[in-house]
Amino acid sequence: MRLLTHNMLSSNIKGVTNGFPLRMEVGKVVEKTVDFNADFLRNMFAKVEWNALVEGSKALGYFELPDNVESSMLESDEFLHKFHHALLELHLEQGALICPETGRRFPVSKGIPNMLLHEDEV
Amino acid sequence: MCIMIPKIAQIPLVSSHPEVYDPCDDSFALVDALLADRANLLEHQPSICMEIGCGSGYVITSLALLLGGNSSAYYIATDINPHAVRVTQETIEAHGCHVELVITDIASGLEKRLNRLVDVLVVNPPYVPTPEEEVGCSGITSSWAGGVNGRDVIDRILPVADKILSDRGWLYLVTLSENNPLDICLQMRRKGYASRIILQRSTQEENLHIIKLWRDSETLLEENECMGLKKTNRVKNMNPIPFPQVSVWGCDSRNNR
């Protein structure tokens, strides 16, 4: 699971109002090289919740992302490469996503999060 | 003359599992419809592509391949059947692609953040008319059991699609004639979608229709005017809502593959 996907997931338990971002319990992190595409990154920048990405990357052991961003930084090659690495190349392979409100644990196994709910959570 | 044939997923590389639906006529029809629409898809330059109910992974892998690689778009696929998601992962890896996967019901857990972000959504839903109690069963049954008229799951997917499709979002949906595809088009027209049946194919068992739906500001405007007229009762004998502009493109691109 890429951090981009972590950025698109929130707790889906019935009644939860503050389900984003999911906390990460890290078992195993893998890095996979992905072709760099600046246009794609600029496009995704507007769609990503920055704070969640920064926290997520820290949880996976990457501390290079700046806490504060502005769109002018998208002109910087250095920034784009860091953004690229955090967003696409870091994967949570084993671990869990934790609902920030209820503490409910959604397992991540072989890089795939399981968001299926029990009957009493729907 | 050499004609470039766009790559799609290769059947020998598609993984399988006893509890996962293998690619069949419906999957081929959807991929053929995507192939036939490839020029438009390339021009569309989607940045987020999604499949709900990825099964074997044949369709999302084909979409990623026919759009020419991975680096320009984010691909994400879901399935309620964990075996299907594993099989999809194997299929994707066998083709050297990358698609993010989530085990979930439709887009549960993704809807909020994907709100109005998805540019291309492909869905081959469980469309087979079955007894109500088969809907929601686990394993391979979840790949076909569609309840009354095969519409149970389709009717749950449509509002989700409406939520997550971007302003320029396109939905490709597999339906059977028993699902009443024209009613689906009409229902989505009320939400401002234009539609077209881009492929129709009869097999021994099924009469398949692949519908393409997209947000259309004119359709929305017409619908709003129509509703406005209804509310103010300015027209006494109003005609029924005009039938959606559905046209059928007869095409059978499988022969050309």
# chains A, B, ... in the order shown; residues from 1 in each chain; ligands from 1
$ closest_atom_pairs --of "range 22-96 of chain A" --to "range 22-46 of chain B" --cutoff "12 Å" --atoms "only C-alpha atoms" --output "tab-separated table"
residue	atom	partner	partner_atom	distance
A:Asp39	CA	B:Gln45	CA	11.2
A:Phe40	CA	B:Pro46	CA	10.1
A:Asn43	CA	B:Pro46	CA	10.5
A:Met44	CA	B:Pro46	CA	11.6
$ write_last_selection --atoms "N, CA and C atoms" --output "PDB file, in the first residue's frame"
ATOM      1  N   ASP A  39       4.397  15.799 -14.015  1.00  0.00           N
ATOM      2  CA  ASP A  39       3.020  16.248 -14.280  1.00  0.00           C
ATOM      3  C   ASP A  39       2.031  15.521 -13.372  1.00  0.00           C
ATOM      4  N   PHE A  40       2.246  14.213 -13.236  1.00  0.00           N
ATOM      5  CA  PHE A  40       1.368  13.430 -12.369  1.00  0.00           C
ATOM      6  C   PHE A  40       1.443  13.944 -10.925  1.00  0.00           C
ATOM      7  N   ASN A  43      -0.346  17.157 -10.484  1.00  0.00           N
ATOM      8  CA  ASN A  43      -1.778  16.865 -10.520  1.00  0.00           C
ATOM      9  C   ASN A  43      -2.268  16.309  -9.176  1.00  0.00           C
ATOM     10  N   MET A  44      -1.462  15.405  -8.597  1.00  0.00           N
ATOM     11  CA  MET A  44      -1.871  14.754  -7.347  1.00  0.00           C
ATOM     12  C   MET A  44      -1.749  15.692  -6.141  1.00  0.00           C
TER      13      MET A  44
END
$ closest_atom_pairs --of "chain A" --to "chain B" --cutoff "10 Å" --atoms "only C-alpha atoms" --output "CSV"
residue,atom,partner,partner_atom,distance
A:Met1,CA,B:Glu100,CA,6.5
A:Arg2,CA,B:Glu100,CA,7.4
A:Leu4,CA,B:Tyr74,CA,8.7
A:Thr5,CA,B:Glu100,CA,7.1
A:His6,CA,B:Leu110,CA,9.6
A:Asn7,CA,B:Arg113,CA,7.7
A:Met8,CA,B:Arg113,CA,5.0
A:Leu9,CA,B:Leu110,CA,5.0
A:Ser10,CA,B:Gly109,CA,5.1
A:Ser11,CA,B:Gly109,CA,5.7
A:Asn12,CA,B:Gly109,CA,4.7
A:Ile13,CA,B:Gly109,CA,8.4
A:Gly19,CA,B:Gly109,CA,9.1
A:Phe20,CA,B:Arg113,CA,9.0
A:Val34,CA,B:Ser71,CA,7.4
A:Asp35,CA,B:Ser71,CA,5.9
A:Phe36,CA,B:Ser71,CA,7.0
A:Asn37,CA,B:Ser71,CA,6.1
A:Ala38,CA,B:Ser72,CA,9.0
A:Asp39,CA,B:Ser72,CA,7.6
A:Phe40,CA,B:Ser72,CA,5.4
A:Leu41,CA,B:Ser72,CA,8.8
A:Asn43,CA,B:Ser47,CA,7.5
A:Met44,CA,B:Ser47,CA,8.0
A:Lys47,CA,B:Leu117,CA,7.7
A:Val48,CA,B:Arg113,CA,9.0
A:Glu49,CA,B:Arg113,CA,9.2
A:Leu88,CA,B:Tyr74,CA,9.5
A:Val108,CA,B:Val102,CA,9.3
A:Lys110,CA,B:Arg86,CA,8.9
A:Gly111,CA,B:Leu101,CA,8.2
A:Ile112,CA,B:Val102,CA,5.8
A:Pro113,CA,B:Val102,CA,5.4
A:Asn114,CA,B:Ile103,CA,4.7
A:Met115,CA,B:Thr104,CA,5.1
A:Leu116,CA,B:Thr104,CA,5.0
A:Leu117,CA,B:Thr104,CA,8.3
A:Val122,CA,B:Ser108,CA,10.0
$ select_by_dssp --residues "range 66-134 of chain B" --states "alpha helix (DSSP H)" --output "list in words"
Leu66, Pro82, His83, Ala84, Val85, Arg86, Val87, Thr88, Gln89, Glu90, Thr91, Ile92, Glu93 and Ala94 of chain B
$ closest_residue --among "A:Glu75, A:Leu3, A:Glu31, A:Glu101" --to "Leu53 in chain A" --atoms "only C-alpha atoms"
A:Leu3
$ residues_around --residues "range 3-20 of chain B" --least-positions-apart "3" --cutoff "10 Å" --atoms "only C-alpha atoms" --output "PyMOL selection string"
chain B and resi 23+31-32+35+38+54-68+81-95+138-143+256-257
$ residues_around --residues "range 155-161 of chain B" --least-positions-apart "2" --cutoff "9 Å" --atoms "only C-alpha atoms" --output "compact mmCIF listing (two decimals) with all heavy atoms, in the first residue's frame"
# COMPACT_ATOMS: atom_id res chain seq x y z
N ILE B 52 -14.25 -1.11 -9.42
CA ILE B 52 -14.97 -1.66 -8.29
C ILE B 52 -15.34 -3.10 -8.64
O ILE B 52 -16.01 -3.34 -9.64
CB ILE B 52 -16.23 -0.83 -7.98
CG1 ILE B 52 -15.83 0.56 -7.46
CG2 ILE B 52 -17.13 -1.54 -6.97
CD1 ILE B 52 -17.00 1.52 -7.28
N ILE B 106 -17.65 -2.39 -2.21
CA ILE B 106 -17.77 -1.30 -3.20
C ILE B 106 -16.60 -0.31 -3.02
O ILE B 106 -15.51 -0.61 -3.49
CB ILE B 106 -19.16 -0.64 -3.14
CG1 ILE B 106 -20.23 -1.75 -3.39
CG2 ILE B 106 -19.31 0.47 -4.19
CD1 ILE B 106 -21.65 -1.26 -3.43
N ALA B 107 -16.83 0.84 -2.39
CA ALA B 107 -15.71 1.77 -2.18
C ALA B 107 -15.69 2.24 -0.73
O ALA B 107 -15.21 3.33 -0.43
CB ALA B 107 -15.81 2.96 -3.13
N GLU B 111 -14.69 6.34 -0.21
CA GLU B 111 -15.65 7.31 -0.76
C GLU B 111 -15.38 8.75 -0.35
O GLU B 111 -15.45 9.67 -1.16
CB GLU B 111 -17.07 6.97 -0.29
CG GLU B 111 -17.71 5.84 -1.02
CD GLU B 111 -19.00 5.45 -0.34
OE1 GLU B 111 -19.92 6.27 -0.31
OE2 GLU B 111 -19.08 4.31 0.18
N VAL B 118 -12.35 10.66 -9.16
CA VAL B 118 -12.08 9.54 -10.08
C VAL B 118 -12.45 9.93 -11.52
O VAL B 118 -13.58 10.31 -11.80
CB VAL B 118 -12.86 8.28 -9.64
CG1 VAL B 118 -12.67 7.15 -10.63
CG2 VAL B 118 -12.42 7.86 -8.25
N LEU B 121 -13.94 5.16 -14.11
CA LEU B 121 -14.39 4.10 -13.20
C LEU B 121 -14.93 2.96 -14.06
O LEU B 121 -15.77 3.18 -14.93
CB LEU B 121 -15.49 4.65 -12.29
CG LEU B 121 -16.14 3.70 -11.29
CD1 LEU B 121 -15.13 3.15 -10.29
CD2 LEU B 121 -17.28 4.40 -10.53
N VAL B 123 -16.72 -0.88 -13.98
CA VAL B 123 -17.46 -1.77 -13.07
C VAL B 123 -18.10 -2.90 -13.86
O VAL B 123 -18.89 -2.67 -14.78
CB VAL B 123 -18.57 -1.01 -12.31
CG1 VAL B 123 -19.19 -1.93 -11.26
CG2 VAL B 123 -18.06 0.26 -11.65
N PRO B 125 -20.33 -5.46 -12.50
CA PRO B 125 -20.95 -5.79 -11.21
C PRO B 125 -21.56 -7.19 -11.21
O PRO B 125 -21.69 -7.80 -12.27
CB PRO B 125 -22.06 -4.75 -11.11
CG PRO B 125 -22.47 -4.53 -12.52
CD PRO B 125 -21.23 -4.67 -13.36
N ARG B 151 -30.25 -6.20 -9.99
CA ARG B 151 -30.01 -4.77 -9.78
C ARG B 151 -29.55 -4.41 -8.36
O ARG B 151 -29.18 -3.25 -8.12
CB ARG B 151 -31.29 -3.99 -10.12
CG ARG B 151 -31.53 -3.82 -11.62
CD ARG B 151 -30.57 -2.78 -12.22
NE ARG B 151 -30.86 -1.45 -11.75
CZ ARG B 151 -31.72 -0.61 -12.31
NH1 ARG B 151 -32.37 -0.98 -13.39
NH2 ARG B 151 -31.94 0.58 -11.81
N ASP B 152 -29.61 -5.36 -7.42
CA ASP B 152 -29.32 -5.00 -6.03
C ASP B 152 -27.98 -4.28 -5.86
O ASP B 152 -27.91 -3.21 -5.25
CB ASP B 152 -29.31 -6.27 -5.14
CG ASP B 152 -30.70 -6.61 -4.66
OD1 ASP B 152 -31.66 -6.29 -5.40
OD2 ASP B 152 -30.82 -7.21 -3.58
N VAL B 153 -26.92 -4.89 -6.38
CA VAL B 153 -25.59 -4.32 -6.17
C VAL B 153 -25.38 -3.12 -7.09
O VAL B 153 -24.82 -2.09 -6.69
CB VAL B 153 -24.49 -5.39 -6.34
CG1 VAL B 153 -23.12 -4.80 -6.04
CG2 VAL B 153 -24.76 -6.58 -5.41
N LYS B 163 -20.84 9.88 -6.48
CA LYS B 163 -20.08 10.63 -5.48
C LYS B 163 -18.60 10.76 -5.86
O LYS B 163 -18.00 11.82 -5.72
CB LYS B 163 -20.20 9.94 -4.12
CG LYS B 163 -19.53 10.70 -3.01
CD LYS B 163 -19.86 10.18 -1.64
CE LYS B 163 -19.18 11.07 -0.60
NZ LYS B 163 -18.90 10.40 0.64
N ILE B 164 -18.01 9.66 -6.32
CA ILE B 164 -16.55 9.68 -6.51
C ILE B 164 -16.10 10.12 -7.89
O ILE B 164 -14.95 10.48 -8.07
CB ILE B 164 -15.91 8.31 -6.15
CG1 ILE B 164 -16.41 7.20 -7.08
CG2 ILE B 164 -16.16 7.96 -4.70
CD1 ILE B 164 -15.76 5.84 -6.79
N LEU B 165 -17.00 10.11 -8.88
CA LEU B 165 -16.58 10.54 -10.22
C LEU B 165 -16.27 12.04 -10.22
O LEU B 165 -17.00 12.83 -9.64
CB LEU B 165 -17.67 10.24 -11.25
CG LEU B 165 -17.76 8.79 -11.74
CD1 LEU B 165 -19.02 8.59 -12.56
CD2 LEU B 165 -16.53 8.39 -12.56
N LEU B 171 -17.86 6.63 -16.43
CA LEU B 171 -18.15 5.32 -15.85
C LEU B 171 -18.45 4.33 -16.97
O LEU B 171 -19.29 4.60 -17.83
CB LEU B 171 -19.37 5.42 -14.91
CG LEU B 171 -20.05 4.12 -14.47
CD1 LEU B 171 -19.11 3.22 -13.67
CD2 LEU B 171 -21.31 4.43 -13.64
N ILE B 184 -31.35 2.36 -16.10
CA ILE B 184 -30.13 2.84 -15.42
C ILE B 184 -29.71 4.18 -16.02
O ILE B 184 -29.40 5.14 -15.30
CB ILE B 184 -28.99 1.79 -15.55
CG1 ILE B 184 -29.35 0.53 -14.74
CG2 ILE B 184 -27.65 2.37 -15.09
CD1 ILE B 184 -28.40 -0.63 -14.93
N MET B 188 -29.63 7.79 -14.06
CA MET B 188 -28.42 8.60 -13.96
C MET B 188 -28.61 9.94 -14.68
O MET B 188 -27.96 10.93 -14.33
CB MET B 188 -27.22 7.83 -14.54
CG MET B 188 -26.79 6.65 -13.70
SD MET B 188 -26.30 7.11 -12.01
CE MET B 188 -24.59 7.59 -12.26
$ closest_residue --among "B:Ala145, B:Cys137, B:Pro126, B:Glu223" --to "Leu173 in chain B" --atoms "only C-alpha atoms"
B:Pro126
$ closest_residue --among "A:Cys99, A:Leu22, A:Val54, A:Val29" --to "Lys82 in chain A" --atoms "only C-alpha atoms"
A:Val54
$ select_by_dssp --residues "chain A" --states "strand (DSSP E)" --output "PyMOL selection string"
chain A and resi 23-31+90-98+105-109+112-113
$ atom_distance --atom1 "CA of Val69 in chain A" --atom2 "CA of Glu89 in chain A"
20.0 Å
$ decode --residues "range 200-216 of chain B" --atoms "all heavy atoms" --output "compact mmCIF listing (two decimals), in the first residue's frame"
# COMPACT_ATOMS: atom_id res chain seq x y z
N GLN B 200 -22.84 -3.76 -27.48
CA GLN B 200 -23.92 -4.71 -27.18
C GLN B 200 -23.50 -6.04 -27.76
O GLN B 200 -23.04 -6.11 -28.89
CB GLN B 200 -25.21 -4.23 -27.83
CG GLN B 200 -26.43 -4.94 -27.28
CD GLN B 200 -27.71 -4.31 -27.78
OE1 GLN B 200 -27.69 -3.37 -28.58
NE2 GLN B 200 -28.82 -4.84 -27.34
N ARG B 201 -23.62 -7.09 -26.97
CA ARG B 201 -23.17 -8.39 -27.46
C ARG B 201 -24.05 -9.49 -26.89
O ARG B 201 -24.27 -9.55 -25.69
CB ARG B 201 -21.72 -8.63 -27.04
CG ARG B 201 -21.16 -9.96 -27.53
CD ARG B 201 -19.69 -10.09 -27.21
NE ARG B 201 -18.92 -9.09 -27.92
CZ ARG B 201 -17.67 -8.75 -27.58
NH1 ARG B 201 -17.08 -9.33 -26.56
NH2 ARG B 201 -17.01 -7.85 -28.27
N SER B 202 -24.53 -10.34 -27.78
CA SER B 202 -25.33 -11.48 -27.32
C SER B 202 -24.47 -12.72 -27.33
O SER B 202 -23.86 -13.05 -28.35
CB SER B 202 -26.53 -11.68 -28.23
OG SER B 202 -27.39 -10.57 -28.12
N THR B 203 -24.43 -13.38 -26.20
CA THR B 203 -23.74 -14.65 -26.13
C THR B 203 -24.83 -15.72 -26.02
O THR B 203 -26.02 -15.40 -26.06
CB THR B 203 -22.82 -14.73 -24.90
OG1 THR B 203 -23.64 -14.75 -23.72
CG2 THR B 203 -21.91 -13.51 -24.83
N GLN B 204 -24.43 -16.96 -25.86
CA GLN B 204 -25.44 -18.02 -25.75
C GLN B 204 -26.37 -17.79 -24.57
O GLN B 204 -27.56 -18.07 -24.63
CB GLN B 204 -24.76 -19.37 -25.60
CG GLN B 204 -24.28 -19.94 -26.93
CD GLN B 204 -23.77 -21.35 -26.79
OE1 GLN B 204 -23.22 -21.71 -25.75
NE2 GLN B 204 -23.94 -22.15 -27.83
N GLU B 205 -25.81 -17.24 -23.50
CA GLU B 205 -26.60 -17.13 -22.28
C GLU B 205 -27.07 -15.71 -21.98
O GLU B 205 -28.05 -15.52 -21.28
CB GLU B 205 -25.76 -17.62 -21.08
CG GLU B 205 -25.49 -19.10 -21.13
CD GLU B 205 -24.36 -19.50 -20.20
OE1 GLU B 205 -23.74 -18.61 -19.58
OE2 GLU B 205 -24.09 -20.70 -20.13
N GLU B 206 -26.33 -14.71 -22.49
CA GLU B 206 -26.57 -13.36 -22.01
C GLU B 206 -26.64 -12.36 -23.15
O GLU B 206 -26.01 -12.54 -24.19
CB GLU B 206 -25.42 -12.92 -21.07
CG GLU B 206 -25.27 -13.79 -19.85
CD GLU B 206 -24.06 -13.41 -19.01
OE1 GLU B 206 -23.04 -12.97 -19.57
OE2 GLU B 206 -24.15 -13.57 -17.80
N ASN B 207 -27.39 -11.29 -22.89
CA ASN B 207 -27.39 -10.16 -23.80
C ASN B 207 -26.75 -8.99 -23.05
O ASN B 207 -27.36 -8.35 -22.20
CB ASN B 207 -28.83 -9.85 -24.21
CG ASN B 207 -28.91 -8.80 -25.27
OD1 ASN B 207 -27.89 -8.39 -25.82
ND2 ASN B 207 -30.11 -8.34 -25.56
N LEU B 208 -25.47 -8.77 -23.36
CA LEU B 208 -24.67 -7.81 -22.59
C LEU B 208 -24.72 -6.41 -23.19
O LEU B 208 -24.72 -6.26 -24.41
CB LEU B 208 -23.20 -8.27 -22.57
CG LEU B 208 -22.90 -9.58 -21.85
CD1 LEU B 208 -21.58 -10.16 -22.32
CD2 LEU B 208 -22.89 -9.35 -20.35
N HIS B 209 -24.78 -5.42 -22.32
CA HIS B 209 -24.70 -4.03 -22.74
C HIS B 209 -23.62 -3.34 -21.92
O HIS B 209 -23.67 -3.39 -20.70
CB HIS B 209 -26.01 -3.27 -22.46
CG HIS B 209 -27.19 -3.78 -23.22
ND1 HIS B 209 -27.78 -4.99 -22.96
CD2 HIS B 209 -27.89 -3.24 -24.25
CE1 HIS B 209 -28.80 -5.17 -23.78
NE2 HIS B 209 -28.89 -4.11 -24.58
N ILE B 210 -22.68 -2.70 -22.59
CA ILE B 210 -21.69 -1.90 -21.87
C ILE B 210 -22.12 -0.44 -21.98
O ILE B 210 -22.19 0.11 -23.09
CB ILE B 210 -20.26 -2.06 -22.44
CG1 ILE B 210 -19.91 -3.52 -22.67
CG2 ILE B 210 -19.25 -1.35 -21.53
CD1 ILE B 210 -19.84 -4.37 -21.45
N ILE B 211 -22.43 0.16 -20.84
CA ILE B 211 -22.88 1.55 -20.84
C ILE B 211 -21.71 2.45 -20.45
O ILE B 211 -20.98 2.15 -19.51
CB ILE B 211 -24.00 1.79 -19.80
CG1 ILE B 211 -25.08 0.72 -19.88
CG2 ILE B 211 -24.63 3.17 -19.99
CD1 ILE B 211 -26.12 0.85 -18.77
N LYS B 212 -21.57 3.55 -21.18
CA LYS B 212 -20.63 4.59 -20.75
C LYS B 212 -21.46 5.78 -20.27
O LYS B 212 -22.37 6.23 -20.98
CB LYS B 212 -19.74 5.01 -21.92
CG LYS B 212 -18.76 6.12 -21.57
CD LYS B 212 -17.89 6.47 -22.77
CE LYS B 212 -16.94 7.62 -22.45
NZ LYS B 212 -16.11 7.96 -23.62
N LEU B 213 -21.18 6.24 -19.07
CA LEU B 213 -21.91 7.38 -18.50
C LEU B 213 -20.92 8.48 -18.14
O LEU B 213 -19.82 8.20 -17.69
CB LEU B 213 -22.64 6.95 -17.23
CG LEU B 213 -23.74 5.90 -17.41
CD1 LEU B 213 -23.50 4.73 -16.49
CD2 LEU B 213 -25.10 6.50 -17.14
N TRP B 214 -21.32 9.71 -18.37
CA TRP B 214 -20.44 10.82 -17.99
C TRP B 214 -21.27 12.03 -17.58
O TRP B 214 -22.39 12.20 -18.04
CB TRP B 214 -19.50 11.18 -19.15
CG TRP B 214 -20.17 11.67 -20.39
CD1 TRP B 214 -20.34 12.96 -20.76
CD2 TRP B 214 -20.76 10.88 -21.45
NE1 TRP B 214 -20.99 13.03 -21.97
CE2 TRP B 214 -21.26 11.77 -22.41
CE3 TRP B 214 -20.91 9.51 -21.66
CZ2 TRP B 214 -21.91 11.34 -23.56
CZ3 TRP B 214 -21.56 9.07 -22.80
CH2 TRP B 214 -22.04 9.98 -23.75
N ARG B 215 -20.68 12.81 -16.68
CA ARG B 215 -21.37 14.03 -16.23
C ARG B 215 -21.47 14.99 -17.40
O ARG B 215 -20.51 15.22 -18.11
CB ARG B 215 -20.56 14.72 -15.13
CG ARG B 215 -20.61 14.05 -13.81
CD ARG B 215 -19.95 14.95 -12.78
NE ARG B 215 -19.49 14.19 -11.63
CZ ARG B 215 -20.28 13.86 -10.61
NH1 ARG B 215 -21.55 14.21 -10.61
NH2 ARG B 215 -19.79 13.18 -9.59
N ASP B 216 -22.63 15.57 -17.55
CA ASP B 216 -22.85 16.44 -18.70
C ASP B 216 -23.66 17.63 -18.23
O ASP B 216 -24.79 17.49 -17.79
CB ASP B 216 -23.60 15.63 -19.77
CG ASP B 216 -23.83 16.44 -21.02
OD1 ASP B 216 -22.85 16.70 -21.73
OD2 ASP B 216 -24.99 16.82 -21.27
